[in-house]
Amino acid sequence: MRCATVKGTSAVTLLDLQGLSVTIPSPAGPVRAVRSIDLRIAKGEIHGLIGESGCGKTMTGMALLGLTPAGAQVAARVFQFDGIDLSTSAAVLRGRRIALISQDPAAALNPVLTIGRQMDNVLRTHSPHSEADRRAGAVALLAATGLPDADKLMTSYPHQLSGGMQQRVVIAQALATGADFLIADEPTTALDVAVGAQVLALLRQLVADRGLTILMITHDMDVVAAVCDRATVLYAGLSVETGPASAILTCPRHPYAAALLAALPDAAPHGQRLAAIDGQIPPSTKPISGCAFAPRCPAAMTLCHTVSPPVRVQGDHLWACHLAEGAP
Amino acid sequence: MTAPLLDVHNLVVRYKPRGLFAAAAKPAVDRVSLSLPAGSTLGVVGESGSGKSSLLRAVLRLVPVESGSITLDGQDWLAAHGPALRRARHSIGFVAQNPFLSLSPRLTIAQILAEPLLARGDKPGAAMQDRIAVLLSRCGLPPDFLPRRARELSGGQAQRVAIARALALSPRLLVLDEPTSALDVSVQAQILNLLMDLKADFGLSMLFVTHNLKVVAHIADQLMVMRQGSVVESGATERIMSAAEQLYTQELMGFGRRAQKSAPTS
């Protein structure tokens, strides 16, 4: 056995999602944006949702926020947040318990309102306090995100701030809602490397200080390594592997997760060919028979093309594969 | 030692100040020098505002240069004008970040690949069709892609077409601006493999501009790290990746897996 088995933990489950599917009607037939995703996130955890374009990671986040496109059909066997059924109350929890930090802070902020006004818009909706109290609260929240001169910043406009500062304002707004669960959709992709690292450190600190729980949607394995406790790997709208982030990064079990890590530029010696994954993801308009990754999998057997893979369990590391030991 | 293919010396690029009475702007590229030997790859790495794109545009002769010199294949590249400049441009191929923006949505792949050949004055005909098919297959796409349009392709396939187009006039220098930043990791690996193959087969020189140090470090022979218009550090890739002298370069190498491996955080 190459990898040590990690023992399961008995933390309180905040989000429990089983068999989530999101189907969007289109002229070319129903688009299966999310086919079947299982996601279980404990309180106080930063959970990475890893995948490439079209794997359904953003649509999963939108389903949690009740923001799926008009006409989309959302279904799940279990769809619970802190014991509340999200299939009926996602829109109610949005902005109260669940908040979004999007990829591009410049697009998330209103360019013609001051930071103070935008903070107050959030606070006014969520608290009955006086204007002076709300202002003090806004300054405190901005300061909590590590922004210098928070008081002065209240009269600034978004364009006067750098990308990293803008992202901190967006995080402060998310905190202002009083939400305890943040969905961070690629929060560092639009930022420079060093600034991105600071924003990740801030999120990590907020989890420790305020008991937040974060779903970190990302395609960047470095982000997963830097902040995530656990992670789930998505492929073609399916969750194919879930477990401790360190186990997935060092000892991936699903052949797709292994291939994804092997394709990174620093996985091969300098100047040598990278292990690219041949082929393409299956079209989201077609149903999948057997394992979704089978057509691209180097270890695929005949069985893989026809029969859905069983879920393998090793401690709190789960993956769906016909190979008992996972990726060779 | 043969003369370098591309030689940039003390290059300064400065944009006009915005207002009538505004102070002179800081140079976007401030006395940058580089030397790219034939058949080698130089990675230019920098974050937003580092001047890497301005440097690239100056090399492509798309922005005016304030001072300094650029020598391409022994010729004074900044002295070329008019028809001579048009002819000289044949020796540089360019690949942009987003293939869906750089490929016309109206044209078929065959028409897209024919454009540079027609612009050079080649006659349309069977020979050109053959050339186009060879270019496309060299970039890993079968001929049945020729009648398709860009929107029918995936991001990786579209970037292959953009690379094929850049190679149409057999350039000696390929300039790449973030060619894999819009692509997924698995596709990025395919494109990097393709670039390494092309470099080996055609003896291409490449100027690879990106914000992602890890990506370019994999295929570049030399690295140049830029910040606020100036060169922070440059040298052989192995040397910089194993022992970066500047703290800024180390910062650029990022956080996460690499950082975790070398120094476990408490």
# chains A, B, ... in the order shown; residues from 1 in each chain; ligands from 1

$ interface_residues --of "chain B" --to "chain A" --cutoff "6 Å" --atoms "only C-alpha atoms" --output "VMD selection string"
chain B and resid 47 184 186 189 to 190 193 215 218 to 219 256 to 257

$ closest_residue --among "A:Thr302, A:Gly243, A:Leu206, A:Leu93" --to "Gly315 in chain A" --atoms "only C-alpha atoms"
A:Gly243

$ residues_around --residues "range 17-31 of chain B" --least-positions-apart "3" --cutoff "6 Å" --atoms "only C-alpha atoms" --output "PyMOL selection string"
chain B and resi 10-14+51+229-230

$ write_last_selection --atoms "C-alpha atoms" --output "short mmCIF file (atom, residue, chain, number, x, y, z; two decimals), in the first residue's frame"
data_model
loop_
_atom_site.label_atom_id
_atom_site.label_comp_id
_atom_site.auth_asym_id
_atom_site.auth_seq_id
_atom_site.Cartn_x
_atom_site.Cartn_y
_atom_site.Cartn_z
CA ASN B 10 18.20 49.19 -23.60
CA LEU B 11 14.65 49.30 -24.87
CA VAL B 12 12.38 52.04 -23.51
CA VAL B 13 8.66 52.13 -24.26
CA ARG B 14 6.68 55.03 -22.85
CA GLY B 51 5.69 45.71 -18.87
CA GLY B 229 9.00 47.83 -16.48
CA SER B 230 12.42 46.59 -15.41
#

$ select_by_dssp --residues "range 85-234 of chain A" --states "alpha helix (DSSP H)" --output "PyMOL selection string"
chain A and resi 86-93+105-108+115-126+131-144+150-153+163-176+193-210+221-227

$ atom_distance --atom1 "CA of Met196 in chain B" --atom2 "CA of Leu101 in chain B"
24.2 Å

$ residues_around --residues "range 66-73 of chain B" --least-positions-apart "2" --cutoff "10 Å" --atoms "only C-alpha atoms" --output "VMD selection string"
chain B and resid 3 to 15 27 29 to 38 58 to 59 61 63 to 64 75 to 79 88 91 to 92 172 to 173

$ write_last_selection --atoms "N, CA and C atoms" --output "JSON list (two decimals), in the first residue's frame"
[["chain", "number", "residue", "atom", "x", "y", "z"],
["B", 3, "ALA", "N", 25.42, 34.93, -34.03],
["B", 3, "ALA", "CA", 24.69, 36.11, -33.57],
["B", 3, "ALA", "C", 23.29, 35.69, -33.14],
["B", 4, "PRO", "N", 22.75, 36.32, -32.10],
["B", 4, "PRO", "CA", 21.40, 35.96, -31.65],
["B", 4, "PRO", "C", 20.36, 36.31, -32.72],
["B", 5, "LEU", "N", 19.24, 35.57, -32.71],
["B", 5, "LEU", "CA", 18.16, 35.85, -33.66],
["B", 5, "LEU", "C", 17.49, 37.18, -33.31],
["B", 6, "LEU", "N", 17.24, 37.34, -32.02],
["B", 6, "LEU", "CA", 16.60, 38.58, -31.56],
["B", 6, "LEU", "C", 17.48, 39.21, -30.50],
["B", 7, "ASP", "N", 17.80, 40.48, -30.68],
["B", 7, "ASP", "CA", 18.64, 41.16, -29.71],
["B", 7, "ASP", "C", 18.00, 42.49, -29.37],
["B", 8, "VAL", "N", 17.63, 42.65, -28.11],
["B", 8, "VAL", "CA", 17.00, 43.90, -27.66],
["B", 8, "VAL", "C", 17.98, 44.58, -26.73],
["B", 9, "HIS", "N", 18.23, 45.87, -26.99],
["B", 9, "HIS", "CA", 19.21, 46.57, -26.18],
["B", 9, "HIS", "C", 18.64, 47.87, -25.62],
["B", 10, "ASN", "N", 18.63, 47.97, -24.28],
["B", 10, "ASN", "CA", 18.20, 49.19, -23.60],
["B", 10, "ASN", "C", 16.88, 49.75, -24.10],
["B", 11, "LEU", "N", 15.93, 48.89, -24.29],
["B", 11, "LEU", "CA", 14.65, 49.30, -24.87],
["B", 11, "LEU", "C", 13.81, 50.10, -23.86],
["B", 12, "VAL", "N", 13.30, 51.24, -24.33],
["B", 12, "VAL", "CA", 12.38, 52.04, -23.51],
["B", 12, "VAL", "C", 11.09, 52.24, -24.29],
["B", 13, "VAL", "N", 9.98, 51.87, -23.68],
["B", 13, "VAL", "CA", 8.66, 52.13, -24.26],
["B", 13, "VAL", "C", 7.91, 52.99, -23.25],
["B", 14, "ARG", "N", 7.41, 54.14, -23.74],
["B", 14, "ARG", "CA", 6.68, 55.03, -22.85],
["B", 14, "ARG", "C", 5.40, 55.47, -23.54],
["B", 15, "TYR", "N", 4.29, 55.35, -22.83],
["B", 15, "TYR", "CA", 3.02, 55.77, -23.43],
["B", 15, "TYR", "C", 2.81, 57.24, -23.15],
["B", 27, "PRO", "N", 8.08, 55.07, -17.79],
["B", 27, "PRO", "CA", 8.18, 54.14, -18.93],
["B", 27, "PRO", "C", 7.53, 52.79, -18.60],
["B", 29, "VAL", "N", 8.27, 50.10, -20.33],
["B", 29, "VAL", "CA", 9.44, 49.23, -20.42],
["B", 29, "VAL", "C", 10.65, 50.12, -20.21],
["B", 30, "ASP", "N", 11.46, 49.80, -19.21],
["B", 30, "ASP", "CA", 12.53, 50.70, -18.80],
["B", 30, "ASP", "C", 13.90, 50.04, -19.00],
["B", 31, "ARG", "N", 14.56, 50.42, -20.07],
["B", 31, "ARG", "CA", 15.92, 49.94, -20.37],
["B", 31, "ARG", "C", 16.04, 48.41, -20.24],
["B", 32, "VAL", "N", 15.26, 47.73, -21.04],
["B", 32, "VAL", "CA", 15.29, 46.26, -21.00],
["B", 32, "VAL", "C", 16.19, 45.75, -22.13],
["B", 33, "SER", "N", 17.06, 44.83, -21.80],
["B", 33, "SER", "CA", 17.90, 44.19, -22.80],
["B", 33, "SER", "C", 17.68, 42.68, -22.74],
["B", 34, "LEU", "N", 17.66, 42.05, -23.90],
["B", 34, "LEU", "CA", 17.60, 40.60, -23.91],
["B", 34, "LEU", "C", 18.22, 40.09, -25.19],
["B", 35, "SER", "N", 18.61, 38.83, -25.16],
["B", 35, "SER", "CA", 19.23, 38.23, -26.31],
["B", 35, "SER", "C", 18.69, 36.82, -26.46],
["B", 36, "LEU", "N", 18.11, 36.54, -27.63],
["B", 36, "LEU", "CA", 17.48, 35.24, -27.84],
["B", 36, "LEU", "C", 18.24, 34.50, -28.95],
["B", 37, "PRO", "N", 19.03, 33.48, -28.61],
["B", 37, "PRO", "CA", 19.75, 32.73, -29.63],
["B", 37, "PRO", "C", 18.77, 31.95, -30.51],
["B", 38, "ALA", "N", 19.17, 31.68, -31.75],
["B", 38, "ALA", "CA", 18.32, 30.91, -32.65],
["B", 38, "ALA", "C", 18.05, 29.53, -32.06],
["B", 58, "ALA", "N", 6.34, 45.86, -28.54],
["B", 58, "ALA", "CA", 7.46, 46.57, -29.18],
["B", 58, "ALA", "C", 8.20, 45.62, -30.12],
["B", 59, "VAL", "N", 8.38, 44.37, -29.70],
["B", 59, "VAL", "CA", 9.07, 43.39, -30.55],
["B", 59, "VAL", "C", 8.24, 43.12, -31.80],
["B", 61, "ARG", "N", 6.47, 45.35, -33.20],
["B", 61, "ARG", "CA", 6.36, 46.66, -33.85],
["B", 61, "ARG", "C", 4.91, 47.16, -33.83],
["B", 63, "VAL", "N", 3.81, 49.05, -31.05],
["B", 63, "VAL", "CA", 3.83, 50.30, -30.29],
["B", 63, "VAL", "C", 5.15, 51.01, -30.61],
["B", 64, "PRO", "N", 5.16, 52.36, -30.59],
["B", 64, "PRO", "CA", 6.40, 53.08, -30.87],
["B", 64, "PRO", "C", 7.41, 52.89, -29.73],
["B", 75, "GLN", "N", 19.35, 42.33, -38.70],
["B", 75, "GLN", "CA", 18.85, 43.57, -39.30],
["B", 75, "GLN", "C", 18.32, 44.50, -38.21],
["B", 76, "ASP", "N", 18.44, 45.80, -38.45],
["B", 76, "ASP", "CA", 17.85, 46.77, -37.52],
["B", 76, "ASP", "C", 16.33, 46.74, -37.70],
["B", 77, "TRP", "N", 15.67, 46.10, -36.77],
["B", 77, "TRP", "CA", 14.25, 45.83, -36.88],
["B", 77, "TRP", "C", 13.42, 47.11, -36.75],
["B", 78, "LEU", "N", 13.92, 48.08, -35.98],
["B", 78, "LEU", "CA", 13.16, 49.32, -35.80],
["B", 78, "LEU", "C", 13.26, 50.23, -37.02],
["B", 79, "ALA", "N", 14.24, 49.98, -37.92],
["B", 79, "ALA", "CA", 14.43, 50.83, -39.09],
["B", 79, "ALA", "C", 13.53, 50.41, -40.25],
["B", 88, "ALA", "N", 9.31, 41.90, -43.66],
["B", 88, "ALA", "CA", 10.10, 41.43, -42.52],
["B", 88, "ALA", "C", 9.22, 40.76, -41.47],
["B", 91, "SER", "N", 8.83, 36.89, -40.76],
["B", 91, "SER", "CA", 9.71, 36.04, -39.97],
["B", 91, "SER", "C", 9.29, 35.95, -38.51],
["B", 92, "ILE", "N", 8.17, 36.61, -38.16],
["B", 92, "ILE", "CA", 7.66, 36.50, -36.79],
["B", 92, "ILE", "C", 6.24, 35.95, -36.82],
["B", 172, "ARG", "N", 10.86, 32.35, -38.18],
["B", 172, "ARG", "CA", 11.97, 31.83, -37.37],
["B", 172, "ARG", "C", 11.73, 32.11, -35.90],
["B", 173, "LEU", "N", 10.89, 33.12, -35.63],
["B", 173, "LEU", "CA", 10.60, 33.50, -34.24],
["B", 173, "LEU", "C", 9.10, 33.38, -34.01]]

$ residues_around --residues "Gln80 in chain A" --least-positions-apart "6" --cutoff "7 Å" --atoms "only C-alpha atoms" --output "PyMOL selection string"
chain A and resi 15-17+86

$ residues_around --residues "Met241 in chain B" --least-positions-apart "2" --cutoff "12 Å" --atoms "only C-alpha atoms" --output "PyMOL selection string"
(chain A and resi 266+269-270) or (chain B and resi 213-218+220-225+233-239+243-246+249-254+258)

$ select_by_dssp --residues "range 75-117 of chain B" --states "strand (DSSP E)" --output "PyMOL selection string"
chain B and resi 75-76+92-95

$ write_last_selection --atoms "N, CA and C atoms" --output "PDB file, in the first residue's frame"
ATOM      1  N   GLN B  75      19.348  42.331 -38.701  1.00  0.00           N
ATOM      2  CA  GLN B  75      18.854  43.574 -39.301  1.00  0.00           C
ATOM      3  C   GLN B  75      18.323  44.499 -38.207  1.00  0.00           C
ATOM      4  N   ASP B  76      18.436  45.803 -38.452  1.00  0.00           N
ATOM      5  CA  ASP B  76      17.846  46.774 -37.524  1.00  0.00           C
ATOM      6  C   ASP B  76      16.329  46.735 -37.697  1.00  0.00           C
ATOM      7  N   ILE B  92       8.172  36.612 -38.161  1.00  0.00           N
ATOM      8  CA  ILE B  92       7.659  36.496 -36.788  1.00  0.00           C
ATOM      9  C   ILE B  92       6.239  35.948 -36.824  1.00  0.00           C
ATOM     10  N   GLY B  93       6.010  34.862 -36.085  1.00  0.00           N
ATOM     11  CA  GLY B  93       4.658  34.339 -35.925  1.00  0.00           C
ATOM     12  C   GLY B  93       4.139  34.743 -34.558  1.00  0.00           C
ATOM     13  N   PHE B  94       2.819  34.973 -34.446  1.00  0.00           N
ATOM     14  CA  PHE B  94       2.279  35.442 -33.166  1.00  0.00           C
ATOM     15  C   PHE B  94       1.066  34.597 -32.759  1.00  0.00           C
ATOM     16  N   VAL B  95       1.057  34.202 -31.478  1.00  0.00           N
ATOM     17  CA  VAL B  95      -0.076  33.458 -30.920  1.00  0.00           C
ATOM     18  C   VAL B  95      -0.599  34.235 -29.717  1.00  0.00           C
TER      19      VAL B  95
END

$ atom_distance --atom1 "CA of Arg77 in chain A" --atom2 "CA of Ile37 in chain A"
10.3 Å

$ residues_around --residues "Ser87 in chain A" --least-positions-apart "5" --cutoff "12 Å" --atoms "only C-alpha atoms" --output "list in words"
Asp16, Leu17, Leu20, Ser21, Val22, Ala63, Leu64, Leu65, Gly66, Leu67, Thr68, Gln73, Val74, Ala75, Ala76, Arg77, Val78, Phe79, Gln80, Phe81, Val92 and Leu93 of chain A

$ atom_distance --atom1 "CA of Ala106 in chain A" --atom2 "CA of Gln167 in chain A"
8.0 Å

$ closest_residue --among "B:Leu117, B:Val209, B:Leu60, B:Ala164" --to "Cys139 in chain B" --atoms "only C-alpha atoms"
B:Ala164

$ decode --residues "range 223-236 of chain A" --atoms "N, CA and C atoms" --output "mmCIF file, in the first residue's frame"
data_model
loop_
_atom_site.group_PDB
_atom_site.id
_atom_site.type_symbol
_atom_site.label_atom_id
_atom_site.label_comp_id
_atom_site.auth_asym_id
_atom_site.auth_seq_id
_atom_site.Cartn_x
_atom_site.Cartn_y
_atom_site.Cartn_z
ATOM 1 N N VAL A 223 -3.895 26.255 -5.044
ATOM 2 C CA VAL A 223 -4.881 26.811 -4.112
ATOM 3 C C VAL A 223 -5.346 25.714 -3.163
ATOM 4 N N VAL A 224 -5.613 24.539 -3.713
ATOM 5 C CA VAL A 224 -6.060 23.408 -2.889
ATOM 6 C C VAL A 224 -4.994 23.093 -1.835
ATOM 7 N N ALA A 225 -3.735 23.037 -2.282
ATOM 8 C CA ALA A 225 -2.652 22.706 -1.351
ATOM 9 C C ALA A 225 -2.500 23.774 -0.284
ATOM 10 N N ALA A 226 -2.731 25.039 -0.664
ATOM 11 C CA ALA A 226 -2.472 26.139 0.271
ATOM 12 C C ALA A 226 -3.528 26.240 1.360
ATOM 13 N N VAL A 227 -4.807 26.035 1.040
ATOM 14 C CA VAL A 227 -5.831 26.312 2.054
ATOM 15 C C VAL A 227 -6.842 25.209 2.338
ATOM 16 N N CYS A 228 -6.970 24.219 1.464
ATOM 17 C CA CYS A 228 -8.105 23.308 1.640
ATOM 18 C C CYS A 228 -7.811 22.178 2.635
ATOM 19 N N ASP A 229 -8.825 21.868 3.456
ATOM 20 C CA ASP A 229 -8.727 20.726 4.359
ATOM 21 C C ASP A 229 -9.102 19.453 3.620
ATOM 22 N N ARG A 230 -10.218 19.558 2.915
ATOM 23 C CA ARG A 230 -10.681 18.420 2.125
ATOM 24 C C ARG A 230 -11.008 18.901 0.719
ATOM 25 N N ALA A 231 -11.183 17.961 -0.192
ATOM 26 C CA ALA A 231 -11.474 18.358 -1.565
ATOM 27 C C ALA A 231 -12.295 17.291 -2.263
ATOM 28 N N THR A 232 -13.034 17.736 -3.276
ATOM 29 C CA THR A 232 -13.793 16.834 -4.121
ATOM 30 C C THR A 232 -13.417 17.123 -5.567
ATOM 31 N N VAL A 233 -13.123 16.065 -6.322
ATOM 32 C CA VAL A 233 -12.746 16.216 -7.728
ATOM 33 C C VAL A 233 -13.958 15.913 -8.588
ATOM 34 N N LEU A 234 -14.271 16.832 -9.506
ATOM 35 C CA LEU A 234 -15.411 16.650 -10.402
ATOM 36 C C LEU A 234 -14.924 16.315 -11.801
ATOM 37 N N TYR A 235 -15.693 15.492 -12.488
ATOM 38 C CA TYR A 235 -15.425 15.231 -13.902
ATOM 39 C C TYR A 235 -16.758 15.042 -14.608
ATOM 40 N N ALA A 236 -17.014 15.829 -15.637
ATOM 41 C CA ALA A 236 -18.230 15.716 -16.451
ATOM 42 C C ALA A 236 -19.490 15.737 -15.591
#
